[in-house]
Each structure stands twice: as structure tokens, then as C-alpha cells.
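A.B. asks: Below: one structure in C-alpha cells.
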Protein chains: 2
Amino acid sequence: MSGQTDCLFCKIVEGAIPSNKVYEDERILGFRDIQPQAKEHILFIPKKHIPTMNDVSAEDWPLIADLLKAAQQTARELGIAESGFRLVNNCNKEGGQVIYHLHVHLLGGEPLGKING
Amino acid sequence: MSGQTDCLFCKIVEGAIPSNKVYEDERILGFRDIQPQAKEHILFIPKKHIPTMNDVSAEDWPLIADLLKAAQQTARELGIAESGFRLVNNCNKEGGQVIYHLHVHLLGGEPLGKING
């Protein structure tokens with residue numbers, strides 16, 4: 001499924017590095033960001049190693065849709081669906097991507113600021 | 001397809017309000033934000049009126065995937081895929097949603113700041 005030996009998020013998928021999980025299914029993992037940028041800050045990743053949004057190929061789009069669906073459901077479970085939340089994907093350097101394993105940030109639990117702050 | 005009489009983005013879909021289009025297919029429209037928050041700032045919307053990310057139902061997820069795919073392709077066409085970009089969906093008030101017709105921001109063309117600034 002994953003297995004990039006030098007990838008932090010693949011190690012989290014494999015359990016070699018611990019994480020605070022809030023969502024898991026066969027293909028997707030959701031866990032708390034260790035440096036939260038809002039009251040609630042969850043990262044959703046495909047278990048499969050896809051480096052960036054640029055690397056999503058035709059057969060991967062249903063997986064990306066499922067990942068967003070997992071974020072939508074988790075927002076509801078965290079009680080922030082109605083108050084509001086933000087979903088963010090940073091792609092490559094100028095986008096602010098730090099870990100090169102595709103991830104979507106779910107932010108919420110407070111009024112959020114700018115999308116390019 | 002759309003037809004919410006009081007929705008700004010439905011009016012853009014219908015052509016009643018002009019927009020600077022950068023992407024269009026049968027179900028999706030991409031146009032420049034009139035108040036850009038980065039050098040490149042495009043909004044991608046489904047032509048169908050879906051108010052927020054909370055309102056995406058089971059049958060809509062392939063549409064949302066196609067919308068992200070349109071953003072991915074547009075980033076490439078704008079020449080910002082490799083330098084980097086950001087995709088953002090704001091849902092409801094605390095997320096920062098202003099127009100209640102689901103949209104995904106594509107930001108790029110410069111080094112971006114915080115995701116909650």
C-alpha cells in the first residue's frame with residue numbers, strides 16, 4: 001500500500017511512528033497534526049504513497065473523493081460541520097507543502113483567518 | 001443545472017453576471033476571483049447549486065473529484081504546478097465561506113503564507 005522508506009506519513013500508516021488517529025478505513029487515515037494551526041487540525045492521507053496533488057492519476061480520483069468524504073464526516077463527528085471548517089491541500093514548495101505524501105488539512109473549531117495569511 | 005435565483009455563482013453559470021473564465025466543461029466552471037488573494041486566484045464551482053461541503057451527497061462525490069481534477073489541470077496550464085499551489089474549500093461561517101455555492105480556491109504564482117492567517 002505505502003512503503004516509501006523515507007516518508008514520515010508512510011511510517012505513520014505502517015505504525016512505525018505513532019499518531020493520534022481520528023479516522024481510519026482500508027485506504028485512508030486521519031490523524032491530528034502535531035503542530036495544530038487551529039483548535040481542530042486533522043490531516044487526511046491516502047495510505048498509498050502519492051507525493052503531491054500533481055501526482056494524482058486518473059485511477060486515483062475516487063480515492064481523493066473518498067478522502068474528502070472522510071474529512072466531511074469527521075467534521076460532523078467533531079461537531080464543527082455547522083460552525084464551519086476549512087479543507088486545504090498544499091502542493092509543492094510555493095503552496096507550502098512540507099511532507100511529500102499528499103494530505104488534506106481539516107481546520108476548524110474557531111473562526112479561521114485568511115487562506116493565504 | 002443551477003437556477004438559485006439569489007445565488008451569485010448560479011448567475012455567473014447562467015451568464016447573467018460576467019466572469020473571467022479559465023476553465024469550463026459541462027458540469028464545472030473555473031473563473032478568476034475578483035478579489036484575488038494571491039497572484040493567481042481561480043475559483044472552481046460545480047454548475048449545479050450545492051451550498052456547502054456539508055451538502056455534498058453520495059452521488060456528488062465524482063463531481064467533486066472532477067472539480068479537483070479541473071483545478072489540477074488548470075494549475076498545470078497556468079504554469080504553477082511545479083512551483084506550487086494551494087487548494088482550499090471554506091465551509092460555513094467559521095471556515096470563512098462567503099458565497100453559499102460550493103467552491104474551491106486555487107491559489108498560486110507566488111510563495112503562499114499560512115493556511116489560517
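How things are named: the first chain in the C-alpha cells is A, the next is B, and so on; residues count from 1 in each chain; ligands count from 1 in the order shown.
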With the cut-off set at 9 Å and counting only C-alpha atoms, tabulate each residue of chain B with an atom at most that distance from an atom of chain A, showing the nearest atom pair and its distance in Å to one decimal, ordered by chain and increasing number, as a Markdown table.
C.D. replies:
| residue | atom | partner | partner_atom | distance |
| --- | --- | --- | --- | --- |
| B:Gln37 | CA | A:Asn116 | CA | 6.7 |
| B:Ala38 | CA | A:Asn116 | CA | 7.4 |
| B:Met53 | CA | A:Gln72 | CA | 7.1 |
| B:Asn54 | CA | A:Gln72 | CA | 6.5 |
| B:Val56 | CA | A:Lys69 | CA | 8.6 |
| B:Ala58 | CA | A:Lys69 | CA | 8.9 |
| B:Trp61 | CA | A:Ala65 | CA | 5.8 |
| B:Pro62 | CA | A:Ala65 | CA | 6.8 |
| B:Leu63 | CA | A:Ala65 | CA | 9.0 |
| B:Ile64 | CA | A:Ala65 | CA | 6.8 |
| B:Ala65 | CA | A:Ala65 | CA | 5.3 |
| B:Asp66 | CA | A:Trp61 | CA | 7.8 |
| B:Leu68 | CA | A:Trp61 | CA | 8.6 |
| B:Lys69 | CA | A:Trp61 | CA | 7.7 |
| B:Gln72 | CA | A:Asn54 | CA | 6.5 |
| B:Gln73 | CA | A:Asn54 | CA | 8.6 |
| B:Ala75 | CA | A:Asn54 | CA | 8.9 |
| B:Arg76 | CA | A:Asn54 | CA | 8.5 |
| B:Ile80 | CA | A:Glu94 | CA | 8.9 |
| B:Ala81 | CA | A:Asn54 | CA | 6.8 |
| B:Glu82 | CA | A:Asn92 | CA | 6.7 |
| B:Ser83 | CA | A:Glu94 | CA | 5.7 |
| B:Gly84 | CA | A:Asn92 | CA | 4.4 |
| B:Phe85 | CA | A:Gly95 | CA | 4.2 |
| B:Arg86 | CA | A:Asn90 | CA | 4.6 |
| B:Leu87 | CA | A:Asn89 | CA | 5.1 |
| B:Val88 | CA | A:Val88 | CA | 4.6 |
| B:Asn89 | CA | A:Leu87 | CA | 5.1 |
| B:Asn90 | CA | A:Arg86 | CA | 4.6 |
| B:Cys91 | CA | A:Gly84 | CA | 5.2 |
| B:Asn92 | CA | A:Gly84 | CA | 4.4 |
| B:Lys93 | CA | A:Gly84 | CA | 5.4 |
| B:Glu94 | CA | A:Pro111 | CA | 4.1 |
| B:Gly95 | CA | A:Phe85 | CA | 4.1 |
| B:Gly96 | CA | A:Leu112 | CA | 6.4 |
| B:Gln97 | CA | A:Gly84 | CA | 8.2 |
| B:Leu107 | CA | A:Gly95 | CA | 7.9 |
| B:Gly108 | CA | A:Gly95 | CA | 6.7 |
| B:Gly109 | CA | A:Glu94 | CA | 7.8 |
| B:Glu110 | CA | A:Glu94 | CA | 6.2 |
| B:Pro111 | CA | A:Glu94 | CA | 4.1 |
| B:Leu112 | CA | A:Gly95 | CA | 5.6 |
| B:Gly113 | CA | A:Gly117 | CA | 4.8 |
| B:Lys114 | CA | A:Gly117 | CA | 4.6 |
| B:Ile115 | CA | A:Ile115 | CA | 5.0 |
| B:Asn116 | CA | A:Gly113 | CA | 4.9 |
| B:Gly117 | CA | A:Gly117 | CA | 3.5 |
A.B. asks: Within 6 Å of segment 25-32 of chain B, counting only C-alpha atoms, which residues show up once you throw out same-chain ones fewer than 4 positions away? Write them as a list in words, please.
C.D. replies: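 Here the answer would be Asn20, Lys21, His41, Ile42, Leu43, Phe44, Ile45, Pro46 and Lys47 of chain B.
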A.B. asks: Write out as a PyMOL selection string all residues of chain A that backbone DSSP assigns to alpha helix (DSSP H).
C.D. replies: chain A and resi 8-14+61-78+92-95
A.B. asks: One decimal, Å: what's the distance from atom CA of Tyr23 of chain B over to atom CA of His103 of chain B, could you say?
C.D. replies: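 Going from atom CA of Tyr23 of chain B over to atom CA of His103 of chain B covers 13.6 Å.
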A.B. asks: Mind pulling up the distance from atom CA of Glu24 of chain B to atom CA of Glu40 of chain B?
C.D. replies: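 Calculated distance between atom CA of Glu40 of chain B and atom CA of Glu24 of chain B is 17.3 Å.
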A.B. asks: I want to know what sits within 8 Å of Cys7 of chain A, based on only C-alpha atoms, with residues of the same chain fewer than 5 positions away left out; could you give that as a tab-separated table (two decimals) with C-alpha atoms, in the first residue's frame?
C.D. replies:
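To be explicit, this is the file written out as selection_33.tsv:
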chain	number	residue	atom	x	y	z
A	99	ILE	CA	5.67	16.44	3.78
A	100	TYR	CA	5.69	14.96	0.27
A	101	HIS	CA	2.88	12.48	0.85
A.B. asks: I'd like to know which residues of chain B are strand (DSSP E) (by DSSP, run on the backbone); could you write them as a PDB file with N, CA, C and O atoms, in the first residue's frame?
C.D. replies:
ATOM      1  N   LYS B  21     -13.409  33.605 -17.264  1.00  0.00           N
ATOM      2  CA  LYS B  21     -13.319  32.140 -17.236  1.00  0.00           C
ATOM      3  C   LYS B  21     -11.933  31.630 -17.605  1.00  0.00           C
ATOM      4  O   LYS B  21     -11.326  32.119 -18.550  1.00  0.00           O
ATOM      5  N   VAL B  22     -11.490  30.613 -16.889  1.00  0.00           N
ATOM      6  CA  VAL B  22     -10.231  29.951 -17.247  1.00  0.00           C
ATOM      7  C   VAL B  22     -10.450  28.468 -17.506  1.00  0.00           C
ATOM      8  O   VAL B  22      -9.577  27.782 -18.040  1.00  0.00           O
ATOM      9  N   TYR B  23     -11.614  27.950 -17.099  1.00  0.00           N
ATOM     10  CA  TYR B  23     -11.916  26.523 -17.304  1.00  0.00           C
ATOM     11  C   TYR B  23     -13.421  26.365 -17.438  1.00  0.00           C
ATOM     12  O   TYR B  23     -14.182  26.987 -16.695  1.00  0.00           O
ATOM     13  N   GLU B  24     -13.855  25.519 -18.368  1.00  0.00           N
ATOM     14  CA  GLU B  24     -15.274  25.181 -18.416  1.00  0.00           C
ATOM     15  C   GLU B  24     -15.477  23.825 -19.058  1.00  0.00           C
ATOM     16  O   GLU B  24     -14.860  23.497 -20.074  1.00  0.00           O
ATOM     17  N   ILE B  28     -18.656  21.919 -14.719  1.00  0.00           N
ATOM     18  CA  ILE B  28     -17.758  22.694 -13.861  1.00  0.00           C
ATOM     19  C   ILE B  28     -17.340  23.988 -14.541  1.00  0.00           C
ATOM     20  O   ILE B  28     -17.132  24.024 -15.752  1.00  0.00           O
ATOM     21  N   LEU B  29     -17.193  25.032 -13.731  1.00  0.00           N
ATOM     22  CA  LEU B  29     -16.701  26.316 -14.225  1.00  0.00           C
ATOM     23  C   LEU B  29     -15.542  26.781 -13.336  1.00  0.00           C
ATOM     24  O   LEU B  29     -15.590  26.622 -12.111  1.00  0.00           O
ATOM     25  N   GLY B  30     -14.503  27.341 -13.980  1.00  0.00           N
ATOM     26  CA  GLY B  30     -13.384  27.935 -13.251  1.00  0.00           C
ATOM     27  C   GLY B  30     -13.201  29.360 -13.733  1.00  0.00           C
ATOM     28  O   GLY B  30     -13.124  29.600 -14.939  1.00  0.00           O
ATOM     29  N   PHE B  31     -13.165  30.312 -12.802  1.00  0.00           N
ATOM     30  CA  PHE B  31     -13.036  31.726 -13.184  1.00  0.00           C
ATOM     31  C   PHE B  31     -12.215  32.472 -12.138  1.00  0.00           C
ATOM     32  O   PHE B  31     -12.097  32.040 -10.986  1.00  0.00           O
ATOM     33  N   ARG B  32     -11.655  33.605 -12.570  1.00  0.00           N
ATOM     34  CA  ARG B  32     -10.769  34.366 -11.683  1.00  0.00           C
ATOM     35  C   ARG B  32     -11.562  35.046 -10.568  1.00  0.00           C
ATOM     36  O   ARG B  32     -12.621  35.625 -10.822  1.00  0.00           O
ATOM     37  N   GLU B  40      -2.145  34.325  -8.612  1.00  0.00           N
ATOM     38  CA  GLU B  40      -3.157  33.545  -9.337  1.00  0.00           C
ATOM     39  C   GLU B  40      -4.209  33.124  -8.319  1.00  0.00           C
ATOM     40  O   GLU B  40      -3.875  32.570  -7.255  1.00  0.00           O
ATOM     41  N   HIS B  41      -5.468  33.388  -8.629  1.00  0.00           N
ATOM     42  CA  HIS B  41      -6.553  33.009  -7.706  1.00  0.00           C
ATOM     43  C   HIS B  41      -7.797  32.705  -8.536  1.00  0.00           C
ATOM     44  O   HIS B  41      -8.460  33.613  -9.030  1.00  0.00           O
ATOM     45  N   ILE B  42      -8.046  31.409  -8.696  1.00  0.00           N
ATOM     46  CA  ILE B  42      -9.156  30.915  -9.511  1.00  0.00           C
ATOM     47  C   ILE B  42     -10.164  30.231  -8.592  1.00  0.00           C
ATOM     48  O   ILE B  42      -9.774  29.557  -7.633  1.00  0.00           O
ATOM     49  N   LEU B  43     -11.430  30.386  -8.897  1.00  0.00           N
ATOM     50  CA  LEU B  43     -12.484  29.664  -8.176  1.00  0.00           C
ATOM     51  C   LEU B  43     -13.071  28.593  -9.094  1.00  0.00           C
ATOM     52  O   LEU B  43     -13.395  28.880 -10.256  1.00  0.00           O
ATOM     53  N   PHE B  44     -13.193  27.391  -8.575  1.00  0.00           N
ATOM     54  CA  PHE B  44     -13.820  26.284  -9.312  1.00  0.00           C
ATOM     55  C   PHE B  44     -15.136  25.951  -8.645  1.00  0.00           C
ATOM     56  O   PHE B  44     -15.174  25.730  -7.429  1.00  0.00           O
ATOM     57  N   ILE B  45     -16.197  25.940  -9.443  1.00  0.00           N
ATOM     58  CA  ILE B  45     -17.523  25.644  -8.894  1.00  0.00           C
ATOM     59  C   ILE B  45     -18.221  24.570  -9.736  1.00  0.00           C
ATOM     60  O   ILE B  45     -18.012  24.485 -10.949  1.00  0.00           O
ATOM     61  N   PRO B  46     -19.062  23.756  -9.064  1.00  0.00           N
ATOM     62  CA  PRO B  46     -19.954  22.898  -9.840  1.00  0.00           C
ATOM     63  C   PRO B  46     -21.053  23.795 -10.411  1.00  0.00           C
ATOM     64  O   PRO B  46     -21.480  24.741  -9.737  1.00  0.00           O
ATOM     65  N   PHE B  85       1.071  25.310  -5.533  1.00  0.00           N
ATOM     66  CA  PHE B  85      -0.239  25.952  -5.423  1.00  0.00           C
ATOM     67  C   PHE B  85      -0.952  25.418  -4.190  1.00  0.00           C
ATOM     68  O   PHE B  85      -0.462  24.504  -3.509  1.00  0.00           O
ATOM     69  N   ARG B  86      -2.114  26.006  -3.924  1.00  0.00           N
ATOM     70  CA  ARG B  86      -2.938  25.599  -2.779  1.00  0.00           C
ATOM     71  C   ARG B  86      -4.377  25.482  -3.231  1.00  0.00           C
ATOM     72  O   ARG B  86      -4.867  26.347  -3.977  1.00  0.00           O
ATOM     73  N   LEU B  87      -5.060  24.428  -2.773  1.00  0.00           N
ATOM     74  CA  LEU B  87      -6.495  24.264  -2.992  1.00  0.00           C
ATOM     75  C   LEU B  87      -7.197  24.404  -1.651  1.00  0.00           C
ATOM     76  O   LEU B  87      -6.764  23.792  -0.661  1.00  0.00           O
ATOM     77  N   VAL B  88      -8.248  25.207  -1.613  1.00  0.00           N
ATOM     78  CA  VAL B  88      -8.943  25.493  -0.350  1.00  0.00           C
ATOM     79  C   VAL B  88     -10.449  25.445  -0.546  1.00  0.00           C
ATOM     80  O   VAL B  88     -10.972  26.018  -1.504  1.00  0.00           O
ATOM     81  N   ASN B  89     -11.130  24.777   0.368  1.00  0.00           N
ATOM     82  CA  ASN B  89     -12.587  24.900   0.466  1.00  0.00           C
ATOM     83  C   ASN B  89     -12.926  25.418   1.860  1.00  0.00           C
ATOM     84  O   ASN B  89     -12.548  24.815   2.871  1.00  0.00           O
ATOM     85  N   ASN B  90     -13.613  26.537   1.908  1.00  0.00           N
ATOM     86  CA  ASN B  90     -14.129  27.075   3.162  1.00  0.00           C
ATOM     87  C   ASN B  90     -15.586  26.658   3.298  1.00  0.00           C
ATOM     88  O   ASN B  90     -16.377  26.860   2.371  1.00  0.00           O
ATOM     89  N   CYS B  91     -15.928  26.083   4.446  1.00  0.00           N
ATOM     90  CA  CYS B  91     -17.309  25.624   4.673  1.00  0.00           C
ATOM     91  C   CYS B  91     -17.922  26.341   5.862  1.00  0.00           C
ATOM     92  O   CYS B  91     -17.381  26.278   6.973  1.00  0.00           O
ATOM     93  N   VAL B 104     -13.976  25.827  -4.740  1.00  0.00           N
ATOM     94  CA  VAL B 104     -12.610  25.514  -4.335  1.00  0.00           C
ATOM     95  C   VAL B 104     -11.697  26.595  -4.901  1.00  0.00           C
ATOM     96  O   VAL B 104     -11.729  26.881  -6.102  1.00  0.00           O
ATOM     97  N   HIS B 105     -10.930  27.204  -4.017  1.00  0.00           N
ATOM     98  CA  HIS B 105      -9.952  28.215  -4.412  1.00  0.00           C
ATOM     99  C   HIS B 105      -8.676  27.532  -4.897  1.00  0.00           C
ATOM    100  O   HIS B 105      -8.171  26.633  -4.221  1.00  0.00           O
ATOM    101  N   LEU B 106      -8.147  27.991  -6.010  1.00  0.00           N
ATOM    102  CA  LEU B 106      -6.800  27.620  -6.450  1.00  0.00           C
ATOM    103  C   LEU B 106      -5.945  28.869  -6.325  1.00  0.00           C
ATOM    104  O   LEU B 106      -6.243  29.895  -6.951  1.00  0.00           O
ATOM    105  N   LEU B 107      -4.941  28.792  -5.467  1.00  0.00           N
ATOM    106  CA  LEU B 107      -4.052  29.933  -5.215  1.00  0.00           C
ATOM    107  C   LEU B 107      -2.636  29.570  -5.621  1.00  0.00           C
ATOM    108  O   LEU B 107      -2.190  28.449  -5.363  1.00  0.00           O
ATOM    109  N   GLY B 108      -1.904  30.521  -6.181  1.00  0.00           N
ATOM    110  CA  GLY B 108      -0.509  30.247  -6.513  1.00  0.00           C
ATOM    111  C   GLY B 108       0.140  31.409  -7.237  1.00  0.00           C
ATOM    112  O   GLY B 108      -0.387  32.521  -7.225  1.00  0.00           O
TER     113      GLY B 108
END
A.B. asks: Report the distance between atom CA of Glu77 of chain A and atom CA of Lys48 of chain A in Å, rounded to one decimal place.
C.D. replies: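 The value is 24.7 Å.
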